[in-house]
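Data from data.txt: compact mmCIF, C-alpha atoms and all ligand atoms
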# COMPACT_ATOMS: atom_id res chain seq x y z
CA MET J 1 -3.40 -12.76 5.51
CA ASN J 2 -3.31 -16.37 4.31
CA SER J 3 -1.06 -17.80 1.61
CA PRO J 4 -1.13 -16.02 -1.75
CA LYS J 5 -3.81 -16.89 -4.27
CA VAL J 6 -1.43 -16.81 -7.21
CA VAL J 7 2.34 -17.21 -7.16
CA VAL J 8 4.32 -16.55 -10.34
CA GLU J 9 7.98 -17.58 -10.26
CA GLY J 10 10.60 -16.82 -12.91
CA LEU J 11 8.04 -17.06 -15.67
CA CYS J 12 9.31 -16.80 -19.27
CA LYS J 13 7.66 -17.14 -22.64
CA VAL J 14 9.57 -16.98 -25.88
CA PHE J 15 7.57 -17.37 -29.09
CA GLY J 16 9.63 -19.15 -31.72
CA THR J 17 11.47 -22.35 -32.50
CA SER J 18 14.70 -21.87 -30.53
CA PRO J 19 13.76 -20.31 -27.22
CA LYS J 20 16.91 -21.57 -25.49
CA GLN J 21 19.16 -19.16 -27.36
CA ALA J 22 16.78 -16.33 -26.56
CA LEU J 23 16.73 -17.20 -22.87
CA ASP J 24 20.53 -17.22 -22.77
CA MET J 25 20.66 -13.79 -24.39
CA LEU J 26 18.04 -12.48 -21.96
CA ALA J 27 19.96 -13.87 -19.00
CA GLY J 28 22.95 -11.90 -20.31
CA GLY J 29 20.90 -8.70 -20.17
CA ALA J 30 19.75 -8.45 -23.80
CA THR J 31 16.50 -6.62 -24.52
CA LYS J 32 13.50 -8.00 -26.35
CA GLU J 33 14.49 -5.98 -29.45
CA GLU J 34 18.06 -7.31 -29.46
CA VAL J 35 16.82 -10.88 -29.10
CA PHE J 36 14.46 -10.40 -32.02
CA LYS J 37 17.14 -8.84 -34.25
CA ARG J 38 19.68 -11.56 -33.57
CA THR J 39 17.45 -14.65 -33.35
CA GLY J 40 14.02 -13.80 -34.71
CA GLN J 41 12.53 -15.11 -31.45
CA ILE J 42 9.81 -12.99 -29.88
CA VAL J 43 10.02 -12.45 -26.15
CA GLY J 44 6.53 -12.45 -24.67
CA VAL J 45 7.35 -12.54 -20.96
CA HIS J 46 10.75 -12.61 -19.32
CA ASN J 47 11.62 -13.67 -15.79
CA VAL J 48 8.48 -12.43 -14.11
CA SER J 49 7.85 -13.13 -10.44
CA PHE J 50 5.13 -11.81 -8.15
CA ASP J 51 2.26 -13.01 -6.04
CA VAL J 52 -1.35 -12.00 -5.86
CA LYS J 53 -2.89 -12.00 -2.41
CA GLU J 54 -6.35 -13.24 -1.63
CA GLY J 55 -8.86 -10.39 -1.95
CA GLU J 56 -6.64 -7.95 -3.81
CA ILE J 57 -7.07 -6.32 -7.20
CA PHE J 58 -3.71 -6.79 -8.87
CA VAL J 59 -3.28 -4.70 -12.00
CA LEU J 60 -0.87 -5.48 -14.83
CA MET J 61 -0.02 -2.32 -16.69
CA GLY J 62 2.22 -1.54 -19.62
CA LEU J 63 2.34 -0.38 -23.22
CA SER J 64 0.95 -2.45 -26.06
CA GLY J 65 3.14 -5.50 -26.64
CA SER J 66 4.71 -5.39 -23.18
CA GLY J 67 3.43 -8.90 -22.40
CA LYS J 68 0.33 -8.40 -20.25
CA SER J 69 -1.98 -10.75 -22.13
CA THR J 70 0.74 -13.35 -22.55
CA LEU J 71 1.35 -13.28 -18.81
CA ILE J 72 -2.32 -13.80 -18.13
CA ARG J 73 -2.50 -16.66 -20.62
CA LEU J 74 0.48 -18.26 -18.92
CA ILE J 75 -1.39 -18.04 -15.63
CA ASN J 76 -4.46 -19.82 -16.92
CA ARG J 77 -2.27 -22.00 -19.13
CA LEU J 78 -3.70 -21.06 -22.45
CA VAL J 79 0.01 -20.58 -23.22
CA GLU J 80 2.74 -23.00 -22.12
CA PRO J 81 5.70 -21.40 -20.34
CA THR J 82 9.24 -21.62 -21.73
CA ALA J 83 10.49 -21.49 -18.13
CA GLY J 84 9.19 -20.80 -14.64
CA LYS J 85 6.00 -21.75 -12.91
CA VAL J 86 2.59 -20.65 -11.73
CA LEU J 87 0.95 -21.79 -8.51
CA ILE J 88 -2.73 -21.23 -7.86
CA ASP J 89 -3.78 -21.92 -4.29
CA GLY J 90 -0.40 -23.57 -3.92
CA ARG J 91 -1.05 -25.91 -6.83
CA ASP J 92 1.35 -26.01 -9.79
CA VAL J 93 -0.76 -25.18 -12.84
CA ALA J 94 1.66 -27.05 -15.13
CA ALA J 95 0.92 -30.25 -13.22
CA VAL J 96 -2.83 -30.04 -13.80
CA PRO J 97 -3.78 -32.77 -16.29
CA ARG J 98 -5.17 -31.51 -19.59
CA SER J 99 -8.48 -33.16 -18.80
CA GLU J 100 -8.90 -30.98 -15.71
CA LEU J 101 -7.74 -27.72 -17.30
CA THR J 102 -11.07 -26.73 -18.74
CA SER J 103 -12.76 -27.21 -15.43
CA LEU J 104 -9.99 -25.29 -13.64
CA ARG J 105 -10.43 -22.34 -16.01
CA ARG J 106 -14.17 -22.45 -15.78
CA LYS J 107 -14.52 -22.80 -12.03
CA ASP J 108 -11.46 -21.15 -10.60
CA MET J 109 -10.53 -18.52 -13.14
CA SER J 110 -13.21 -16.56 -14.86
CA MET J 111 -12.04 -14.42 -17.74
CA VAL J 112 -13.55 -11.13 -18.84
CA PHE J 113 -12.20 -9.76 -22.11
CA GLN J 114 -12.39 -6.41 -23.83
CA SER J 115 -14.89 -7.78 -26.28
CA PHE J 116 -16.63 -10.97 -25.47
CA ALA J 117 -19.35 -12.27 -27.65
CA LEU J 118 -22.73 -12.14 -26.00
CA MET J 119 -25.12 -14.47 -27.74
CA PRO J 120 -27.46 -12.17 -29.65
CA GLN J 121 -30.46 -14.50 -29.72
CA ARG J 122 -30.42 -15.12 -25.97
CA THR J 123 -31.78 -12.87 -23.26
CA VAL J 124 -29.54 -10.97 -20.87
CA LEU J 125 -30.46 -13.44 -18.14
CA SER J 126 -29.60 -16.42 -20.29
CA ASN J 127 -26.29 -14.81 -21.29
CA ALA J 128 -25.44 -14.11 -17.66
CA ALA J 129 -26.26 -17.71 -16.78
CA PHE J 130 -24.21 -19.17 -19.64
CA GLY J 131 -21.09 -20.02 -17.62
CA LEU J 132 -23.23 -21.92 -15.15
CA GLU J 133 -25.04 -23.69 -17.98
CA VAL J 134 -21.74 -24.91 -19.39
CA ALA J 135 -20.80 -26.05 -15.90
CA GLY J 136 -23.95 -28.18 -15.85
CA VAL J 137 -25.99 -26.23 -13.29
CA GLY J 138 -29.76 -26.78 -13.65
CA LYS J 139 -31.93 -24.10 -15.24
CA LYS J 140 -33.76 -22.92 -12.15
CA GLU J 141 -30.67 -22.67 -10.01
CA ARG J 142 -28.54 -20.97 -12.66
CA GLU J 143 -31.23 -18.40 -13.44
CA LYS J 144 -31.56 -17.62 -9.77
CA ARG J 145 -27.83 -17.09 -9.43
CA ALA J 146 -27.61 -15.11 -12.66
CA MET J 147 -30.44 -12.88 -11.46
CA THR J 148 -28.55 -12.16 -8.25
CA VAL J 149 -25.46 -10.98 -10.14
CA LEU J 150 -27.58 -8.97 -12.59
CA GLU J 151 -28.92 -7.15 -9.54
CA GLN J 152 -25.37 -6.56 -8.34
CA VAL J 153 -24.36 -4.95 -11.62
CA GLY J 154 -27.62 -2.99 -11.84
CA LEU J 155 -29.18 -4.86 -14.74
CA ALA J 156 -32.05 -6.75 -13.12
CA PRO J 157 -34.72 -4.70 -14.96
CA PHE J 158 -33.16 -5.75 -18.28
CA ALA J 159 -33.01 -9.48 -17.61
CA GLN J 160 -35.52 -10.35 -20.34
CA LYS J 161 -34.09 -8.01 -22.98
CA LEU J 162 -31.80 -9.06 -25.82
CA PRO J 163 -28.18 -7.78 -25.86
CA ALA J 164 -28.86 -5.60 -28.93
CA GLN J 165 -31.43 -3.66 -26.89
CA LEU J 166 -28.69 -2.60 -24.44
CA SER J 167 -26.00 0.04 -24.74
CA GLY J 168 -22.34 -1.00 -25.10
CA GLY J 169 -21.63 -0.28 -21.44
CA MET J 170 -24.60 -2.34 -20.34
CA GLN J 171 -23.47 -5.20 -22.56
CA GLN J 172 -20.08 -5.03 -20.87
CA ARG J 173 -21.87 -5.40 -17.55
CA VAL J 174 -23.62 -8.53 -18.82
CA GLY J 175 -20.14 -9.91 -19.54
CA LEU J 176 -19.06 -9.04 -16.02
CA ALA J 177 -22.22 -10.68 -14.64
CA ARG J 178 -21.50 -13.83 -16.64
CA ALA J 179 -18.02 -14.04 -15.14
CA LEU J 180 -19.27 -13.32 -11.62
CA ALA J 181 -22.13 -15.82 -11.79
CA VAL J 182 -19.82 -18.82 -11.73
CA ASN J 183 -18.39 -17.43 -8.49
CA PRO J 184 -14.78 -17.90 -9.52
CA SER J 185 -12.08 -17.77 -6.89
CA LEU J 186 -9.95 -15.73 -9.31
CA MET J 187 -11.29 -13.22 -11.83
CA ILE J 188 -9.06 -12.37 -14.75
CA MET J 189 -9.98 -9.24 -16.64
CA ASP J 190 -7.99 -8.38 -19.75
CA GLU J 191 -8.65 -4.78 -20.83
CA ALA J 192 -12.22 -5.46 -19.82
CA PHE J 193 -13.22 -1.79 -19.81
CA SER J 194 -10.93 -0.46 -22.52
CA ALA J 195 -13.53 -0.25 -25.26
CA LEU J 196 -15.88 1.87 -23.17
CA ASP J 197 -16.11 5.65 -23.30
CA PRO J 198 -14.61 7.42 -20.28
CA LEU J 199 -17.91 7.85 -18.42
CA LYS J 200 -19.06 4.26 -18.88
CA ARG J 201 -15.62 3.12 -18.00
CA LYS J 202 -15.64 4.97 -14.72
CA GLU J 203 -19.09 3.57 -14.01
CA MET J 204 -17.83 0.01 -14.58
CA GLN J 205 -14.84 0.68 -12.34
CA ASN J 206 -17.28 1.75 -9.63
CA VAL J 207 -19.39 -1.38 -10.13
CA LEU J 208 -16.23 -3.44 -9.71
CA LEU J 209 -15.05 -1.50 -6.65
CA ASP J 210 -18.47 -1.82 -5.00
CA LEU J 211 -18.51 -5.55 -5.65
CA GLN J 212 -15.00 -5.78 -4.31
CA ARG J 213 -15.96 -4.05 -1.07
CA GLU J 214 -18.75 -6.54 -0.48
CA GLN J 215 -17.20 -9.74 -1.80
CA ARG J 216 -13.41 -9.39 -1.52
CA ARG J 217 -12.68 -11.28 -4.71
CA THR J 218 -9.20 -11.83 -6.02
CA ILE J 219 -8.91 -10.04 -9.34
CA LEU J 220 -6.11 -9.92 -11.87
CA PHE J 221 -6.81 -6.91 -14.02
CA VAL J 222 -4.98 -5.85 -17.19
CA SER J 223 -5.02 -2.22 -18.22
CA HIS J 224 -2.84 0.10 -20.26
CA ASP J 225 -4.33 3.11 -18.51
CA LEU J 226 -2.57 4.40 -15.40
CA GLU J 227 -5.58 6.25 -14.05
CA GLU J 228 -7.67 3.09 -14.22
CA ALA J 229 -4.86 1.15 -12.55
CA MET J 230 -4.57 3.77 -9.80
CA ARG J 231 -8.29 3.81 -9.17
CA ILE J 232 -8.89 0.13 -8.85
CA GLY J 233 -5.51 -1.45 -8.10
CA THR J 234 -4.53 -2.62 -4.64
CA ARG J 235 -1.12 -3.13 -6.22
CA ILE J 236 0.16 -2.54 -9.73
CA ALA J 237 2.84 -4.36 -11.70
CA ILE J 238 4.29 -2.31 -14.54
CA MET J 239 5.56 -4.25 -17.56
CA GLU J 240 8.02 -3.22 -20.23
CA GLY J 241 9.29 -5.44 -23.04
CA GLY J 242 8.17 -8.63 -21.29
CA ARG J 243 9.68 -7.75 -17.91
CA VAL J 244 8.08 -6.40 -14.77
CA VAL J 245 9.90 -3.16 -14.00
CA GLN J 246 8.06 -2.18 -10.83
CA ILE J 247 5.49 -3.58 -8.43
CA GLY J 248 3.85 -1.52 -5.73
CA THR J 249 0.78 0.21 -4.42
CA PRO J 250 -0.38 3.22 -6.47
CA GLN J 251 1.16 5.51 -3.83
CA GLU J 252 4.48 3.71 -3.87
CA ILE J 253 4.71 3.95 -7.64
CA ILE J 254 3.81 7.64 -7.73
CA THR J 255 6.17 8.63 -4.96
CA ASN J 256 9.00 6.46 -6.21
CA PRO J 257 8.76 5.57 -9.93
CA ALA J 258 11.44 3.00 -10.83
CA ASP J 259 12.54 4.69 -14.07
CA ASP J 260 11.64 7.07 -16.90
CA TYR J 261 9.40 4.48 -18.55
CA VAL J 262 7.23 4.32 -15.42
CA GLU J 263 7.27 8.07 -14.98
CA ALA J 264 6.15 8.58 -18.58
CA PHE J 265 2.79 7.06 -17.66
CA PHE J 266 2.19 10.00 -15.30
CA GLU J 267 2.40 12.52 -18.13
CA GLY J 268 -0.71 14.70 -18.09
CA ILE J 269 -2.15 13.00 -15.01
CA ASP J 270 -2.64 14.75 -11.71
CA THR J 271 -0.99 12.12 -9.57
CA SER J 272 -1.11 14.23 -6.41
CA ARG J 273 -4.68 13.24 -5.66
CA TYR J 274 -3.55 9.67 -5.04
CA LEU J 275 -1.14 10.78 -2.34
CA THR J 276 -1.88 10.61 1.36
CA ALA J 277 -0.54 12.29 4.49
CA GLY J 278 1.85 9.37 4.95
CA ASP J 279 3.44 10.05 1.54
CA LEU J 280 4.07 13.72 2.34
CA MET J 281 5.25 13.54 5.90
CA GLN J 282 8.82 14.02 7.12
CA THR J 283 9.93 11.85 9.97
CA ASP J 284 12.61 14.01 11.53
CA ALA J 285 11.59 17.61 10.89
CA VAL J 286 9.95 18.28 14.25
CA PRO J 287 11.69 17.34 17.51
CA VAL J 288 9.70 15.41 20.10
CA ILE J 289 9.57 15.71 23.88
CA LYS J 290 8.45 12.91 26.18
CA HIS J 291 5.56 13.99 28.35
CA SER J 292 7.26 12.42 31.37
CA MET J 293 9.99 15.04 31.13
CA GLN J 294 9.66 18.27 32.98
CA ILE J 295 8.57 20.77 30.38
CA ASP J 296 9.59 24.38 30.92
CA ALA J 297 11.14 27.17 28.91
CA SER J 298 14.67 25.86 29.30
CA SER J 299 13.90 22.20 28.43
CA VAL J 300 11.92 23.37 25.40
CA ALA J 301 14.76 25.64 24.27
CA GLN J 302 17.15 22.73 24.61
CA THR J 303 14.95 20.40 22.55
CA LEU J 304 14.45 22.98 19.82
CA ASN J 305 18.19 23.48 19.79
CA GLY J 306 18.12 26.74 17.89
CA SER J 307 16.77 25.27 14.63
CA ALA J 308 13.14 24.22 15.13
CA ASP J 309 10.23 26.43 16.19
CA TYR J 310 7.96 23.71 17.54
CA ALA J 311 8.24 20.34 19.25
CA PHE J 312 5.56 17.68 19.68
CA VAL J 313 4.89 16.28 23.13
CA LEU J 314 4.38 12.50 23.17
CA ASP J 315 3.13 10.21 25.91
CA GLY J 316 4.66 6.82 26.78
CA GLU J 317 2.75 5.18 23.90
CA ARG J 318 3.91 7.73 21.35
CA ARG J 319 0.53 9.41 21.22
CA ILE J 320 0.40 13.16 20.67
CA ARG J 321 -0.29 15.16 23.84
CA GLY J 322 0.15 18.53 22.13
CA PHE J 323 2.93 20.84 21.06
CA VAL J 324 5.21 23.46 22.56
CA GLY J 325 6.76 26.43 20.79
CA ARG J 326 9.74 28.68 21.18
CA GLU J 327 7.45 31.42 22.49
CA ASN J 328 5.22 29.27 24.64
CA ALA J 329 6.41 26.32 26.73
CA ASN J 330 2.86 25.38 27.82
CA VAL J 331 1.62 22.24 26.10
CA GLN J 332 -1.00 23.33 23.58
CA HIS J 333 -3.56 21.13 21.90
CA ILE J 334 -2.92 20.13 18.27
CA GLU J 335 -5.04 18.13 15.79
CA CYS J 336 -3.48 15.01 14.31
CA ILE J 337 -3.80 13.77 10.72
CA GLU J 338 -4.21 10.08 10.14
CA ARG J 339 -1.61 8.85 7.63
CA HIS J 340 -4.20 7.58 5.11
CA VAL J 341 -5.95 10.94 4.77
CA ALA J 342 -5.97 12.14 1.14
CA LEU J 343 -4.00 15.13 -0.07
CA ASP J 344 -6.92 17.53 -0.50
CA GLU J 345 -7.88 17.27 3.14
CA VAL J 346 -4.23 17.45 4.19
CA VAL J 347 -3.84 20.70 2.24
CA ASN J 348 -6.86 22.31 3.88
CA ARG J 349 -5.75 21.38 7.35
CA VAL J 350 -2.08 22.21 7.02
CA VAL J 351 -2.84 25.58 5.46
CA ALA J 352 -5.18 26.44 8.36
CA SER J 353 -2.63 25.48 11.00
CA PRO J 354 0.12 27.80 12.25
CA ALA J 355 2.30 24.85 13.36
CA PRO J 356 3.29 21.72 11.40
CA LEU J 357 0.72 18.95 11.90
CA PRO J 358 1.58 15.56 13.40
CA VAL J 359 0.78 12.47 11.33
CA VAL J 360 -0.33 9.38 13.22
CA ASP J 361 -0.91 5.70 12.48
CA ALA J 362 -4.35 4.12 12.69
CA ASP J 363 -3.62 3.32 16.34
CA GLY J 364 -2.79 6.96 17.09
CA SER J 365 0.97 6.60 17.43
CA TYR J 366 3.12 9.41 16.07
CA CYS J 367 4.93 8.80 12.78
CA GLY J 368 5.84 12.16 11.22
CA SER J 369 4.90 15.74 10.46
CA ILE J 370 3.67 17.87 7.58
CA ASN J 371 4.19 21.58 7.13
CA LYS J 372 3.17 24.03 4.43
CA THR J 373 6.43 23.56 2.53
CA ASN J 374 5.87 19.80 2.16
CA VAL J 375 2.45 20.46 0.72
CA LEU J 376 3.65 23.11 -1.70
CA LYS J 377 6.48 20.91 -2.94
CA VAL J 378 4.19 18.03 -3.69
CA LEU J 379 1.66 20.24 -5.44
CA THR J 380 4.25 21.85 -7.72
CA HIS J 381 6.02 18.58 -8.44
CA HIS J 382 2.97 16.44 -9.18
CA ARG J 383 0.59 18.94 -10.68
CA GLY J 384 3.43 20.78 -12.40
CA SER J 385 2.39 22.54 -15.57
CA HIS J 386 -1.13 21.16 -15.62
CA VAL J 387 -2.45 23.07 -12.58
N1 LIG B 401 1.06 -16.32 -30.30
C1 LIG B 401 2.07 -15.47 -30.44
N2 LIG B 401 3.06 -15.71 -31.33
C2 LIG B 401 4.10 -14.87 -31.47
N3 LIG B 401 4.24 -13.74 -30.76
C3 LIG B 401 3.30 -13.43 -29.86
C4 LIG B 401 2.15 -14.27 -29.65
N4 LIG B 401 1.38 -13.71 -28.69
C5 LIG B 401 2.00 -12.58 -28.32
N5 LIG B 401 3.15 -12.41 -29.01
C6 LIG B 401 4.12 -11.32 -28.85
O1 LIG B 401 4.43 -11.21 -27.47
C7 LIG B 401 4.57 -9.87 -27.09
C8 LIG B 401 3.60 -9.56 -25.96
O2 LIG B 401 2.28 -9.57 -26.47
P1 LIG B 401 1.00 -9.39 -25.55
O3 LIG B 401 -0.19 -9.67 -26.37
O4 LIG B 401 1.17 -10.20 -24.32
O5 LIG B 401 1.10 -7.85 -25.19
P2 LIG B 401 0.06 -6.93 -24.38
O6 LIG B 401 0.86 -6.25 -23.34
O7 LIG B 401 -1.12 -7.71 -23.97
O8 LIG B 401 -0.33 -5.88 -25.50
P3 LIG B 401 -1.76 -5.13 -25.76
O9 LIG B 401 -1.80 -4.00 -24.79
O10 LIG B 401 -1.60 -4.63 -27.16
O11 LIG B 401 -2.85 -6.12 -25.58
C9 LIG B 401 4.34 -9.04 -28.34
O12 LIG B 401 5.60 -8.71 -28.88
C10 LIG B 401 3.56 -9.97 -29.23
O13 LIG B 401 3.85 -9.68 -30.59
MG MG B 402 -3.18 -7.62 -24.41

Show the structure stored in the file as structure tokens.
Amino acid sequence: MNSPKVVVEGLCKVFGTSPKQALDMLAGGATKEEVFKRTGQIVGVHNVSFDVKEGEIFVLMGLSGSGKSTLIRLINRLVEPTAGKVLIDGRDVAAVPRSELTSLRRKDMSMVFQSFALMPQRTVLSNAAFGLEVAGVGKKEREKRAMTVLEQVGLAPFAQKLPAQLSGGMQQRVGLARALAVNPSLMIMDEAFSALDPLKRKEMQNVLLDLQREQRRTILFVSHDLEEAMRIGTRIAIMEGGRVVQIGTPQEIITNPADDYVEAFFEGIDTSRYLTAGDLMQTDAVPVIKHSMQIDASSVAQTLNGSADYAFVLDGERRIRGFVGRENANVQHIECIERHVALDEVVNRVVASPAPLPVVDADGSYCGSINKTNVLKVLTHHRGSHV
């Protein structure tokens, strides 16, 4: 992949008149609350670093007040940093002259907010074309482009209607269309779906995911909802009190939450369905035998070494040739599971198999095994009391 779209380095924002004192306290390990008590300064964002890769949906998640919106405003420079920097396409945002900022925000970073005012007296088409109008694109061209995005979000039949004639969810889609129409290289969406009811919200997430599959846009998405973050995020950064406490893929965060704060987001959510074969597998539970070796009862017994019941037989490229058991030294065929297969399918296949199943990479090379115990553990741990 090419260089990151956005790079955030040591970014800090303290609201107040003496940020220096606050920064010193923070550097000494003080929390946002302690800084506020002692100095009256409000910590918005503290020492945040990450990068957003081209084509990924990067989700910022955290409780109210944790600094998500401030971080986003620092990125598009609606807020000036107290310390640290932001690079977009390798360019230092702080070095962009004021006169170019508006154009940078308009062309390169489209924002979609939770509530954005559609203009009530204008048609859906005219609303969708508004960003292009501001950018000085001629009427015919901008309406053509707006129509294309209205088709993408499923609103083409409503192009000539007024916003008030649409449901709330449809209005939200007009907002999305307006942001998409300018074809920004970075989309910034701050709680864009939060005001929608759960069904509409899921529908909008699907619209976004479909668009993402076709267009591979880079999207910075703020949400306080873990399930939304899990569904749409390529990676998630979890914020607490202005700091980023964990960054990872949904699977990484579920399998290895950094602390209790992160884990608390999982409360009441069935996180197991986000897990894959790769998350469940053990890498050293089943011994392996090279196919080149002579395989007979005594070599099998030696490999199993009294503890294991099965061994996998691998060829020179670490591909699975089959398995042997304590009772049967003939190489028998066994199905492999690809490591990205989702838990539900893993469960069905492991339960139906007498032996542990081998897990393989996309190229077919062996990487681990799953047995019934692994599956049971994960189901009881992640589904816990809400089965
Ligand atoms: N202009 C400002 N002046 C002073 N304090 C501010 C300002 N903007 C934000 N803050 C403070 O910075 C902290 C982070 O706020 P921010 O709006 O970034 O949180 P958030 O994670 O987006 O919350 P929410 O989920 O409620 O939108 C809060 O303590 C907030 O009170
Ligand atoms: Mg916010």

Which residue of J:Thr123, J:Ser194, J:Asn256, J:Ser103 approaches ligand LIG 401 (chain B) most closely, using all atoms listed in the file: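 Among the listed residues, the smallest separation from ligand LIG 401 (chain B) belongs to J:Ser194.
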
Expected answer as a VMD selection string: residues within 10 Å of ligand MG 402 (chain B), all atoms listed in the file: chain J and resid 61 to 73 113 to 114 190 to 191 222 to 224

How many Å separate atom CA of Asp260 of chain J from atom CA of Thr373 of chain J?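 Going from atom CA of Asp260 of chain J over to atom CA of Thr373 of chain J, I get 26.0 Å.
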
Which is closest to Glu267 of chain J among J:Cys12, J:Leu226, J:Leu220, J:Val313, if we use all atoms listed in the file?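 Ranked by minimum distance to Glu267 of chain J, first place goes to J:Leu226.
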
Which residues, written as a ChimeraX atom specification, have at least one atom at most 12 Å from Asp363 of chain J, with all atoms listed in the file counted and residues fewer than 3 positions away on the same chain left out? /J:317-320,336-339,359-360,366-367

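The residue that comes closest to ligand LIG 401 (chain B), out of J:Val262, J:Leu74, J:Ala83, J:Ala297 and on the basis of all atoms listed in the file, is J:Leu74.
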
List the residues sitting within 10 Å of (-27.3, -17.1, -19.0) in the file's frame, using all atoms listed in the file, as a ChimeraX atom specification. /J:118-119,122-134,139,142-143,145-147,159,174,177-178,181

Excluding Val245 of chain J and its own-chain neighbours fewer than 4 positions away, which residues fall within 10 Å of it when counting all atoms listed in the file? Please give them as a PyMOL selection string. chain J and resi 48+62+237-241+257-259+261-262

Which of these, J:Phe50, J:Phe36, J:Phe58, J:Phe221, has the shortest distance to Ala22 of chain J once you count only C-alpha atoms? J:Phe36

Using all atoms listed in the file for the distances, tell me which of J:Val137, J:Leu357, J:Val375, J:Leu176 is nearest to His333 of chain J.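 Checking each candidate against His333 of chain J, we get J:Leu357 as the closest.
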
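The nearest approach to Leu280 of chain J among the residues J:Met187, J:Leu87, J:Ile295, J:Leu376, with all atoms listed in the file taken into account, belongs to J:Leu376.
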
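Across the structure, atom CA of Ala179 of chain J and atom CA of Lys107 of chain J are spaced 9.9 Å apart.
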
Contact residues around segment 322-330 of chain J with all atoms listed in the file at 8 Å, ignoring same-chain residues under 6 positions, as a PyMOL selection string: chain J and resi 295-297+300-301+304+309-314

Provide the atom CA of Ile254 of chain J to atom CA of Lys13 of chain J distance in Å, to one decimal place. 29.2 Å

Using all atoms of segment 369-375 of chain J listed in the file and a margin of 5 Å per side, can you give the axis-aligned box centre and edge lengths in Å to one decimal, as JSON?
{"center_x": 4.4, "center_y": 19.9, "center_z": 5.6, "size_x": 14.0, "size_y": 18.3, "size_z": 19.7}

Need to verify the contact set: Pro356 of chain J, 7 Å, all atoms listed in the file, exclusion of same-chain residues closer than 4 positions in sequence. Can you return it as a PyMOL selection string? chain J and resi 350+369-371

Write out as a PyMOL selection string the residues lying within 12 Å of Val93 of chain J, counting only C-alpha atoms and excluding same-chain residues fewer than 2 positions away. chain J and resi 6-9+73-81+84-91+95-98+100-102+104-105+108-109

Could you rebuild segment 34-45 of chain J with N, CA and C atoms and give it back as a PDB file, in the frame of the given file?
ATOM      1  N   GLU J  34      16.792  -6.685 -29.066  1.00  0.00           N
ATOM      2  CA  GLU J  34      18.060  -7.310 -29.460  1.00  0.00           C
ATOM      3  C   GLU J  34      17.866  -8.798 -29.741  1.00  0.00           C
ATOM      4  N   VAL J  35      17.075  -9.452 -28.902  1.00  0.00           N
ATOM      5  CA  VAL J  35      16.820 -10.880 -29.100  1.00  0.00           C
ATOM      6  C   VAL J  35      16.138 -11.097 -30.447  1.00  0.00           C
ATOM      7  N   PHE J  36      15.195 -10.241 -30.757  1.00  0.00           N
ATOM      8  CA  PHE J  36      14.460 -10.400 -32.020  1.00  0.00           C
ATOM      9  C   PHE J  36      15.392 -10.180 -33.214  1.00  0.00           C
ATOM     10  N   LYS J  37      16.204  -9.141 -33.148  1.00  0.00           N
ATOM     11  CA  LYS J  37      17.140  -8.840 -34.250  1.00  0.00           C
ATOM     12  C   LYS J  37      18.101  -9.993 -34.502  1.00  0.00           C
ATOM     13  N   ARG J  38      18.654 -10.528 -33.414  1.00  0.00           N
ATOM     14  CA  ARG J  38      19.680 -11.560 -33.570  1.00  0.00           C
ATOM     15  C   ARG J  38      19.099 -12.934 -33.872  1.00  0.00           C
ATOM     16  N   THR J  39      17.931 -13.258 -33.275  1.00  0.00           N
ATOM     17  CA  THR J  39      17.450 -14.650 -33.350  1.00  0.00           C
ATOM     18  C   THR J  39      16.087 -14.807 -33.997  1.00  0.00           C
ATOM     19  N   GLY J  40      15.369 -13.706 -34.155  1.00  0.00           N
ATOM     20  CA  GLY J  40      14.020 -13.800 -34.710  1.00  0.00           C
ATOM     21  C   GLY J  40      13.003 -14.341 -33.716  1.00  0.00           C
ATOM     22  N   GLN J  41      13.467 -14.630 -32.481  1.00  0.00           N
ATOM     23  CA  GLN J  41      12.530 -15.110 -31.450  1.00  0.00           C
ATOM     24  C   GLN J  41      11.814 -13.913 -30.814  1.00  0.00           C
ATOM     25  N   ILE J  42      10.552 -14.081 -30.509  1.00  0.00           N
ATOM     26  CA  ILE J  42       9.810 -12.990 -29.880  1.00  0.00           C
ATOM     27  C   ILE J  42       9.653 -13.254 -28.382  1.00  0.00           C
ATOM     28  N   VAL J  43      10.146 -12.312 -27.601  1.00  0.00           N
ATOM     29  CA  VAL J  43      10.020 -12.450 -26.150  1.00  0.00           C
ATOM     30  C   VAL J  43       8.625 -11.971 -25.743  1.00  0.00           C
ATOM     31  N   GLY J  44       7.854 -12.850 -25.166  1.00  0.00           N
ATOM     32  CA  GLY J  44       6.530 -12.450 -24.670  1.00  0.00           C
ATOM     33  C   GLY J  44       6.641 -11.979 -23.234  1.00  0.00           C
ATOM     34  N   VAL J  45       7.225 -12.831 -22.399  1.00  0.00           N
ATOM     35  CA  VAL J  45       7.350 -12.540 -20.960  1.00  0.00           C
ATOM     36  C   VAL J  45       8.727 -13.017 -20.535  1.00  0.00           C
TER      37      VAL J  45
END
